[in-house]
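Student: Input target-v2.txt, format and content: compact mmCIF, C-alpha atoms.
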```txt
# COMPACT_ATOMS: atom_id res chain seq x y z
CA MET A 16 91.08 10.17 -2.64
CA GLN A 17 89.19 11.13 -5.76
CA THR A 18 85.95 9.92 -4.19
CA ALA A 19 86.55 11.94 -1.03
CA ALA A 20 87.39 15.04 -3.11
CA ALA A 21 84.25 14.58 -5.17
CA VAL A 22 82.11 14.24 -2.05
CA SER A 23 83.70 17.36 -0.53
CA ALA A 24 83.14 19.36 -3.73
CA ALA A 25 79.51 18.21 -3.88
CA ALA A 26 78.99 19.21 -0.24
CA GLN A 27 80.52 22.63 -0.85
CA SER A 28 78.34 23.08 -3.94
CA ALA A 29 75.21 22.09 -2.00
CA ALA A 30 76.12 24.47 0.84
CA ALA A 31 76.67 27.31 -1.63
CA ALA A 32 73.34 26.56 -3.31
CA SER A 33 71.66 26.49 0.07
CA ARG A 34 73.14 29.88 0.98
CA ARG A 35 72.08 31.33 -2.34
CA GLY A 36 68.57 30.00 -1.80
CA LYS A 37 68.39 31.53 1.65
CA GLU A 38 69.64 34.86 0.34
CA ARG A 39 67.03 34.86 -2.42
CA SER A 40 64.31 34.02 0.13
CA ARG A 41 65.36 36.87 2.40
CA ARG A 42 65.41 39.28 -0.50
CA GLY A 43 61.96 38.10 -1.52
CA ILE A 44 60.58 38.55 1.97
CA VAL A 45 62.02 42.04 2.24
CA ALA A 46 60.66 42.98 -1.18
CA THR A 47 57.23 41.63 -0.27
CA GLU A 48 57.18 43.53 3.02
CA ARG A 49 58.19 46.73 1.27
CA LEU A 50 55.48 46.22 -1.33
CA VAL A 51 52.82 45.64 1.33
CA LYS A 52 54.04 48.62 3.37
CA GLY A 53 54.03 50.84 0.30
CA SER A 54 50.53 49.71 -0.68
CA LEU A 55 49.15 50.40 2.79
CA PHE A 56 50.86 53.81 2.86
CA ALA A 57 49.41 54.62 -0.58
CA CYS A 58 45.91 53.69 0.64
CA ALA A 59 46.34 55.89 3.70
CA MET A 60 47.57 58.81 1.60
CA LEU A 61 44.69 58.30 -0.82
CA SER A 62 42.13 58.72 1.97
CA VAL A 63 43.96 61.81 3.29
CA ALA A 64 44.27 63.30 -0.18
CA SER A 65 40.59 62.65 -0.88
CA THR A 66 39.59 64.43 2.34
CA PHE A 67 41.76 67.46 1.64
CA THR A 68 40.58 67.56 -1.98
CA ILE A 69 36.95 67.62 -0.87
CA LEU A 70 37.75 70.32 1.68
CA ALA A 71 39.61 72.40 -0.92
CA ILE A 72 36.70 72.16 -3.38
CA LEU A 73 34.21 73.16 -0.69
CA LEU A 74 36.29 76.17 0.38
CA TRP A 75 36.92 77.27 -3.21
CA GLN A 76 33.29 77.02 -4.28
CA SER A 77 32.10 78.60 -1.02
CA GLY A 78 34.47 81.51 -1.61
CA GLN A 79 33.02 81.98 -5.09
CA PHE A 80 29.51 81.97 -3.62
CA LEU A 81 30.37 84.57 -0.97
CA ALA A 82 31.99 86.76 -3.64
CA MET A 83 28.79 86.94 -5.70
CA PRO A 84 26.64 90.10 -5.68
CA GLY A 85 24.02 90.21 -2.94
CA VAL A 86 25.81 87.65 -0.74
CA SER A 87 27.82 88.37 2.39
CA LEU A 88 29.46 86.13 4.98
CA TRP A 89 27.73 87.96 7.84
CA ASP A 90 24.24 87.50 6.37
CA PHE A 91 25.03 83.88 5.57
CA LEU A 92 26.13 83.04 9.11
CA THR A 93 23.55 85.16 10.99
CA GLY A 94 20.53 85.41 8.70
CA SER A 95 17.25 83.76 9.65
CA GLU A 96 15.73 83.54 6.15
CA TRP A 97 16.68 81.11 3.42
CA THR A 98 14.84 81.87 0.16
CA PRO A 99 17.26 81.31 -2.75
CA LEU A 100 14.61 79.87 -5.06
CA LEU A 101 11.58 82.00 -4.16
CA GLY A 102 10.77 85.69 -4.46
CA ALA A 103 12.48 88.55 -6.24
CA GLU A 104 14.96 89.12 -3.40
CA LYS A 105 17.13 86.10 -2.61
CA LYS A 106 18.11 85.63 1.02
CA PHE A 107 20.83 83.29 2.18
CA GLY A 108 20.64 82.93 5.95
CA ILE A 109 21.86 79.44 6.87
CA TRP A 110 20.03 79.14 10.22
CA PRO A 111 16.68 77.81 8.90
CA LEU A 112 18.53 74.86 7.32
CA VAL A 113 20.62 74.34 10.45
CA ALA A 114 17.49 74.49 12.62
CA GLY A 115 15.73 71.90 10.48
CA THR A 116 18.76 69.62 10.59
CA LEU A 117 19.10 69.91 14.36
CA LEU A 118 15.36 69.37 14.93
CA ILE A 119 15.30 66.12 12.99
CA THR A 120 18.58 65.01 14.59
CA ALA A 121 17.19 65.74 18.07
CA ILE A 122 14.05 63.69 17.32
CA ALA A 123 16.13 60.80 15.98
CA ALA A 124 18.50 60.94 18.97
CA ALA A 125 15.64 61.09 21.49
CA PHE A 126 14.25 57.88 20.00
CA ALA A 127 17.39 55.93 19.08
CA LEU A 128 19.84 56.64 21.91
CA PRO A 129 17.83 55.42 24.94
CA THR A 130 16.19 52.64 22.95
CA GLY A 131 19.50 51.46 21.55
CA LEU A 132 21.17 51.54 24.95
CA ALA A 133 18.33 49.57 26.53
CA VAL A 134 18.55 46.91 23.82
CA ALA A 135 22.33 46.81 24.17
CA VAL A 136 22.06 46.27 27.94
CA TYR A 137 19.58 43.45 27.35
CA LEU A 138 21.81 41.75 24.79
CA SER A 139 24.89 42.12 26.97
CA GLU A 140 23.54 41.36 30.44
CA TYR A 141 20.23 39.51 30.16
CA ALA A 142 19.82 37.72 26.82
CA PRO A 143 20.78 34.03 26.65
CA ARG A 144 23.53 33.17 24.22
CA LYS A 145 21.17 31.63 21.68
CA VAL A 146 18.86 34.64 21.78
CA ARG A 147 21.81 37.01 21.37
CA SER A 148 23.22 35.05 18.45
CA VAL A 149 19.90 35.40 16.63
CA LEU A 150 18.70 38.81 17.74
CA LYS A 151 21.86 40.83 17.17
CA PRO A 152 22.30 39.83 13.48
CA VAL A 153 18.62 40.52 12.88
CA LEU A 154 18.98 44.00 14.36
CA GLU A 155 22.11 44.66 12.34
CA VAL A 156 20.25 43.80 9.15
CA LEU A 157 18.57 47.19 9.57
CA ALA A 158 21.91 48.83 8.80
CA GLY A 159 21.91 47.30 5.33
CA ILE A 160 18.49 48.59 4.31
CA PRO A 161 18.77 51.45 1.75
CA THR A 162 17.85 54.81 3.24
CA VAL A 163 15.37 55.47 0.45
CA VAL A 164 13.32 52.59 1.87
CA TYR A 165 13.24 54.34 5.24
CA GLY A 166 12.10 57.50 3.47
CA TYR A 167 9.18 55.79 1.77
CA PHE A 168 8.36 54.03 5.04
CA ALA A 169 8.16 57.42 6.74
CA VAL A 170 5.88 58.85 4.04
CA THR A 171 3.60 55.84 3.65
CA VAL A 172 3.45 54.44 7.20
CA ILE A 173 4.69 56.84 9.88
CA THR A 174 3.08 60.02 8.54
CA PRO A 175 -0.41 58.48 8.05
CA PHE A 176 -0.19 56.98 11.53
CA LEU A 177 0.70 60.34 13.07
CA HIS A 178 -2.08 62.08 11.14
CA ASP A 179 -4.77 59.54 11.99
CA ARG A 180 -3.82 58.63 15.57
CA LEU A 181 -2.01 61.67 16.96
CA SER A 182 -3.09 64.91 15.30
CA GLU A 183 -4.43 66.15 11.98
CA SER A 184 -1.82 68.90 12.05
CA PHE A 185 0.69 66.44 10.62
CA GLY A 186 0.77 66.96 6.89
CA THR A 187 2.40 64.94 4.16
CA TYR A 188 5.80 66.31 5.16
CA ASN A 189 6.78 66.88 8.78
CA ALA A 190 9.83 66.77 11.01
CA LEU A 191 8.58 64.08 13.40
CA SER A 192 8.06 61.47 10.71
CA ALA A 193 11.47 62.09 9.18
CA GLY A 194 13.12 62.15 12.62
CA LEU A 195 11.60 58.82 13.65
CA ALA A 196 12.70 57.22 10.38
CA VAL A 197 16.23 58.54 10.87
CA GLY A 198 16.12 57.21 14.45
CA ILE A 199 15.22 53.75 13.18
CA MET A 200 18.07 53.97 10.68
CA ILE A 201 20.74 54.81 13.30
CA LEU A 202 19.40 52.32 15.84
CA PRO A 203 21.70 49.46 14.73
CA VAL A 204 24.74 51.72 15.15
CA VAL A 205 23.84 52.49 18.76
CA ILE A 206 22.95 48.89 19.60
CA SER A 207 25.99 47.25 18.02
CA LEU A 208 28.66 49.63 19.33
CA SER A 209 27.11 50.01 22.78
CA GLU A 210 26.74 46.25 23.17
CA ASP A 211 30.38 45.75 22.19
CA ALA A 212 31.43 48.35 24.77
CA LEU A 213 29.34 46.68 27.48
CA ARG A 214 30.68 43.22 26.74
CA ALA A 215 34.25 44.57 26.90
CA VAL A 216 33.80 45.34 30.61
CA PRO A 217 35.67 42.67 32.60
CA ARG A 218 33.65 39.95 34.26
CA SER A 219 35.42 40.68 37.54
CA LEU A 220 33.55 43.99 37.92
CA ARG A 221 30.21 42.20 37.62
CA ASP A 222 31.29 39.52 40.09
CA ALA A 223 32.41 42.19 42.55
CA ALA A 224 29.03 43.91 42.28
CA TYR A 225 27.21 40.61 42.88
CA ALA A 226 29.48 39.91 45.86
CA MET A 227 28.39 43.23 47.37
CA GLY A 228 24.76 42.12 47.18
CA SER A 229 23.78 43.93 43.99
CA THR A 230 21.04 42.60 41.76
CA ARG A 231 21.64 42.11 38.05
CA PHE A 232 19.87 45.40 37.33
CA ASP A 233 22.01 47.26 39.88
CA ALA A 234 25.19 45.74 38.48
CA SER A 235 24.17 46.64 34.94
CA VAL A 236 23.12 50.23 35.64
CA LYS A 237 25.58 51.20 38.39
CA VAL A 238 28.69 49.26 37.38
CA VAL A 239 28.71 48.01 33.78
CA VAL A 240 27.19 51.05 32.07
CA PRO A 241 29.47 53.57 33.85
CA ALA A 242 32.49 51.39 33.07
CA ALA A 243 31.57 51.34 29.36
CA LEU A 244 30.58 55.01 29.26
CA SER A 245 33.28 56.09 26.81
CA GLY A 246 32.26 53.48 24.25
CA ILE A 247 28.58 54.25 24.71
CA VAL A 248 29.09 57.98 24.25
CA ALA A 249 31.26 57.32 21.20
CA SER A 250 28.45 55.25 19.66
CA TRP A 251 25.99 58.05 20.40
CA LEU A 252 28.17 60.67 18.74
CA LEU A 253 28.71 58.43 15.72
CA ALA A 254 24.97 57.87 15.41
CA ILE A 255 24.25 61.61 15.74
CA THR A 256 26.83 62.37 13.05
CA ARG A 257 25.18 59.77 10.82
CA ALA A 258 21.78 61.38 11.44
CA ILE A 259 23.05 64.86 10.60
CA GLY A 260 24.42 63.65 7.28
CA GLU A 261 21.36 61.65 6.23
CA THR A 262 19.93 62.74 2.87
CA MET A 263 17.28 60.49 1.32
CA ILE A 264 15.00 60.18 4.34
CA VAL A 265 14.79 63.92 4.94
CA ALA A 266 14.53 64.66 1.22
CA LEU A 267 11.46 62.42 0.98
CA ALA A 268 9.75 62.93 4.33
CA ALA A 269 10.77 66.28 5.85
CA GLY A 270 9.81 68.64 3.02
CA ILE A 271 11.45 71.58 1.25
CA ARG A 272 10.35 74.51 3.40
CA PRO A 273 13.28 75.95 5.38
CA GLN A 274 12.07 77.55 8.58
CA MET A 275 13.13 77.95 12.20
CA THR A 276 10.61 76.00 14.24
CA LEU A 277 10.43 73.62 17.17
CA ASN A 278 7.07 72.16 16.16
CA PRO A 279 7.65 68.56 15.00
CA ALA A 280 4.45 68.72 12.93
CA ASP A 281 5.85 71.48 10.70
CA GLU A 282 7.52 70.94 7.36
CA VAL A 283 11.25 71.67 7.46
CA GLN A 284 14.26 71.40 5.19
CA THR A 285 17.68 70.19 6.22
CA MET A 286 21.08 71.06 4.80
CA THR A 287 21.37 67.72 3.03
CA GLY A 288 17.81 68.03 1.75
CA TYR A 289 18.61 71.40 0.20
CA MET A 290 21.74 70.04 -1.48
CA ALA A 291 19.76 67.13 -2.90
CA GLN A 292 17.16 69.58 -4.23
CA ILE A 293 19.79 71.77 -5.92
CA PHE A 294 21.80 68.94 -7.43
CA SER A 295 18.66 67.29 -8.76
CA GLY A 296 18.38 70.12 -11.29
CA ASP A 297 16.43 72.90 -9.60
CA ALA A 298 19.16 75.46 -10.38
CA PRO A 299 21.66 75.93 -13.26
CA ALA A 300 25.31 75.22 -12.51
CA PRO A 301 26.77 78.76 -12.63
CA SER A 302 23.94 80.33 -10.63
CA VAL A 303 24.19 81.68 -7.09
CA GLU A 304 21.68 79.07 -5.93
CA TYR A 305 23.94 76.29 -7.21
CA LYS A 306 27.02 77.80 -5.59
CA SER A 307 25.16 78.19 -2.29
CA SER A 308 24.94 74.41 -1.95
CA TYR A 309 28.74 74.27 -1.55
CA ALA A 310 28.60 76.80 1.28
CA VAL A 311 25.91 74.70 2.95
CA ALA A 312 28.07 71.61 2.49
CA ALA A 313 31.00 73.43 4.09
CA VAL A 314 28.88 74.24 7.16
CA LEU A 315 27.76 70.60 7.33
CA PHE A 316 31.39 69.48 7.07
CA ALA A 317 32.33 71.80 9.94
CA ILE A 318 29.52 70.44 12.13
CA THR A 319 30.44 66.79 11.53
CA LEU A 320 34.14 67.56 12.06
CA GLY A 321 33.31 69.24 15.35
CA LEU A 322 31.33 66.21 16.49
CA THR A 323 34.19 63.92 15.52
CA LEU A 324 36.68 65.97 17.52
CA LEU A 325 34.26 66.03 20.43
CA GLY A 326 34.01 62.25 20.27
CA ASN A 327 37.81 61.92 20.44
CA LEU A 328 37.91 64.20 23.46
CA VAL A 329 35.20 62.15 25.17
CA LEU A 330 37.09 58.93 24.50
CA LYS A 331 40.27 60.36 25.98
CA ARG A 332 38.45 61.80 28.99
CA PHE A 333 36.30 58.83 30.01
CA ARG A 334 38.16 55.88 28.55
CA GLU A 335 38.74 53.05 31.02
CA GLU A 336 41.54 50.52 30.56
CA TYR A 337 41.46 47.13 32.25
CA ASP A 338 44.11 44.46 32.60
```
With the file now loaded, output its structure as structure tokens.
Tutor:
Amino acid sequence: MQTAAAVSAAAQSAAAASRRGKERSRRGIVATERLVKGSLFACAMLSVASTFTILAILLWQSGQFLAMPGVSLWDFLTGSEWTPLLGAEKKFGIWPLVAGTLLITAIAAAFALPTGLAVAVYLSEYAPRKVRSVLKPVLEVLAGIPTVVYGYFAVTVITPFLHDRLSESFGTYNALSAGLAVGIMILPVVISLSEDALRAVPRSLRDAAYAMGSTRFDASVKVVVPAALSGIVASWLLAITRAIGETMIVALAAGIRPQMTLNPADEVQTMTGYMAQIFSGDAPAPSVEYKSSYAVAAVLFAITLGLTLLGNLVLKRFREEYD
């Protein structure tokens, strides 16, 4: 009887210990999940808070700039002269900087978007697996090259080539050289994202096109590319946004002369180039020239935000879902 009672007591003790162990394990799992959830939420709030802090600083400093003597919002948004560092009368018309930014972005897009799409189609539809496994990482290495290297490449290689082989009107600084260098820089973005979008198209669509008698080129151009259009356009908008915000290439190769021109051989200045010039020490901190860089940054922020919203609308409008 004593032995049976001892065995029963030991079993009850083991069962109680087992229950306590399970309870502690559940509490540990819940605590861990709460900790992970809280950490992820904190990271998300940190990114949101950083964005709103940057926006608040830009708006505050831009308001101080517009409140300074000789500066008005109307002249800033509609003026066609930007001469804050030259002449007795300072003029703050943002359009020369916007025009220079858009000119270089247009040159970069004209080079990178069709070229990147063509390479993406080749990698997705034509390249053998071994070629793709080697070529795509090599192309993506371009994304890791510092932009200052692209800037020096534009000044030392592209500009002399344009001057010697194309026209002597290309000086040391010009929009075409900077635009081509920016186009080379954003090329991996277009290739990588477009190729991913093309490869996401189901194989059944390609097989259906072949069954209808289409060639590989017809299937690629008339079936695969339209099916992946949302992803391709998203990659284009991302690349254009990256080109608009580029700083070092345009600061080194485009020049520091803000003007409204469509001639790619002319020297231009972009919004980011002007900010780099100001923050490198060309103007004292409390001056109107220094404050103007925040207003320029606010305009640049608005342009990139608009492109981001446009990209979301394009994704919603043309997105295709496949089972």
Student: Counting all atoms listed in the file, which residues of range 112-146 of chain A sit at most 9 Å from some atom of range 188-204 of chain A, and what is each one's closest atom pair with its distance in Å to one decimal, listed by chain and rising residue number, as CSV?
Tutor:
```
residue,atom,partner,partner_atom,distance
A:Gly115,CA,A:Ala190,CA,7.8
A:Leu118,CA,A:Ala190,CA,7.3
A:Ile119,CA,A:Gly194,CA,4.5
A:Thr120,CA,A:Gly194,CA,6.5
A:Ala121,CA,A:Gly194,CA,7.7
A:Ile122,CA,A:Gly194,CA,5.0
A:Ala123,CA,A:Gly198,CA,3.9
A:Ala124,CA,A:Gly198,CA,6.3
A:Ala125,CA,A:Gly198,CA,8.1
A:Phe126,CA,A:Gly198,CA,5.9
A:Ala127,CA,A:Gly198,CA,5.0
A:Leu128,CA,A:Leu202,CA,7.5
A:Thr130,CA,A:Leu202,CA,7.8
A:Gly131,CA,A:Leu202,CA,5.8
```
Student: Between CA of Phe316 in chain A and CA of Phe56 in chain A, what distance in Å does the model show, to one decimal?
Tutor: 25.3 Å
Student: Using all atoms listed in the file, tabulate the residues of range 48-141 of chain A lying at most 12 Å from any atom of range 289-312 of chain A, each with its closest atom pair and that distance in Å to one decimal, by chain and increasing residue number, as a Markdown table.
Tutor:
```
| residue | atom | partner | partner_atom | distance |
| --- | --- | --- | --- | --- |
| A:Ile69 | CA | A:Ala312 | CA | 10.3 |
| A:Leu70 | CA | A:Ala312 | CA | 9.8 |
| A:Ala71 | CA | A:Tyr309 | CA | 11.0 |
| A:Ile72 | CA | A:Tyr309 | CA | 8.4 |
| A:Leu73 | CA | A:Tyr309 | CA | 5.6 |
| A:Leu74 | CA | A:Ala310 | CA | 7.8 |
| A:Trp75 | CA | A:Tyr309 | CA | 8.9 |
| A:Gln76 | CA | A:Tyr309 | CA | 6.0 |
| A:Ser77 | CA | A:Ala310 | CA | 4.6 |
| A:Gly78 | CA | A:Ala310 | CA | 8.1 |
| A:Gln79 | CA | A:Lys306 | CA | 7.3 |
| A:Phe80 | CA | A:Lys306 | CA | 5.2 |
| A:Leu81 | CA | A:Ala310 | CA | 8.3 |
| A:Ala82 | CA | A:Val303 | CA | 9.9 |
| A:Met83 | CA | A:Val303 | CA | 7.1 |
| A:Pro84 | CA | A:Val303 | CA | 8.9 |
| A:Gly85 | CA | A:Val303 | CA | 9.5 |
| A:Val86 | CA | A:Val303 | CA | 8.9 |
| A:Ser87 | CA | A:Ser307 | CA | 11.5 |
| A:Leu88 | CA | A:Ala310 | CA | 10.1 |
| A:Phe91 | CA | A:Ala310 | CA | 9.0 |
| A:Leu92 | CA | A:Ala310 | CA | 10.3 |
| A:Trp97 | CA | A:Tyr289 | CA | 10.4 |
| A:Thr98 | CA | A:Glu304 | CA | 9.6 |
| A:Pro99 | CA | A:Glu304 | CA | 5.9 |
| A:Leu100 | CA | A:Glu304 | CA | 7.2 |
| A:Leu101 | CA | A:Glu304 | CA | 10.7 |
| A:Lys105 | CA | A:Glu304 | CA | 9.0 |
| A:Lys106 | CA | A:Glu304 | CA | 10.2 |
| A:Phe107 | CA | A:Ser307 | CA | 8.0 |
| A:Gly108 | CA | A:Val311 | CA | 10.2 |
| A:Ile109 | CA | A:Val311 | CA | 7.4 |
| A:Trp110 | CA | A:Val311 | CA | 10.4 |
| A:Pro111 | CA | A:Tyr289 | CA | 11.0 |
| A:Leu112 | CA | A:Tyr289 | CA | 7.9 |
| A:Val113 | CA | A:Val311 | CA | 9.2 |
| A:Gly115 | CA | A:Tyr289 | CA | 10.7 |
| A:Thr116 | CA | A:Tyr289 | CA | 10.5 |
```
Student: Counting all atoms listed in the file, figure out which residue out of A:Leu208, A:Leu138, A:Val156, A:Val265 gets nearest to Ser235 in chain A.
Tutor: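 Comparing A:Leu208, A:Leu138, A:Val156, A:Val265 against Ser235 in chain A, the winner is A:Leu138.
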Student: One number please: CA of Leu213 in chain A to CA of Gly326 in chain A, in Å, one decimal.
Tutor: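 Going from CA of Leu213 in chain A over to CA of Gly326 in chain A, I get 17.8 Å.
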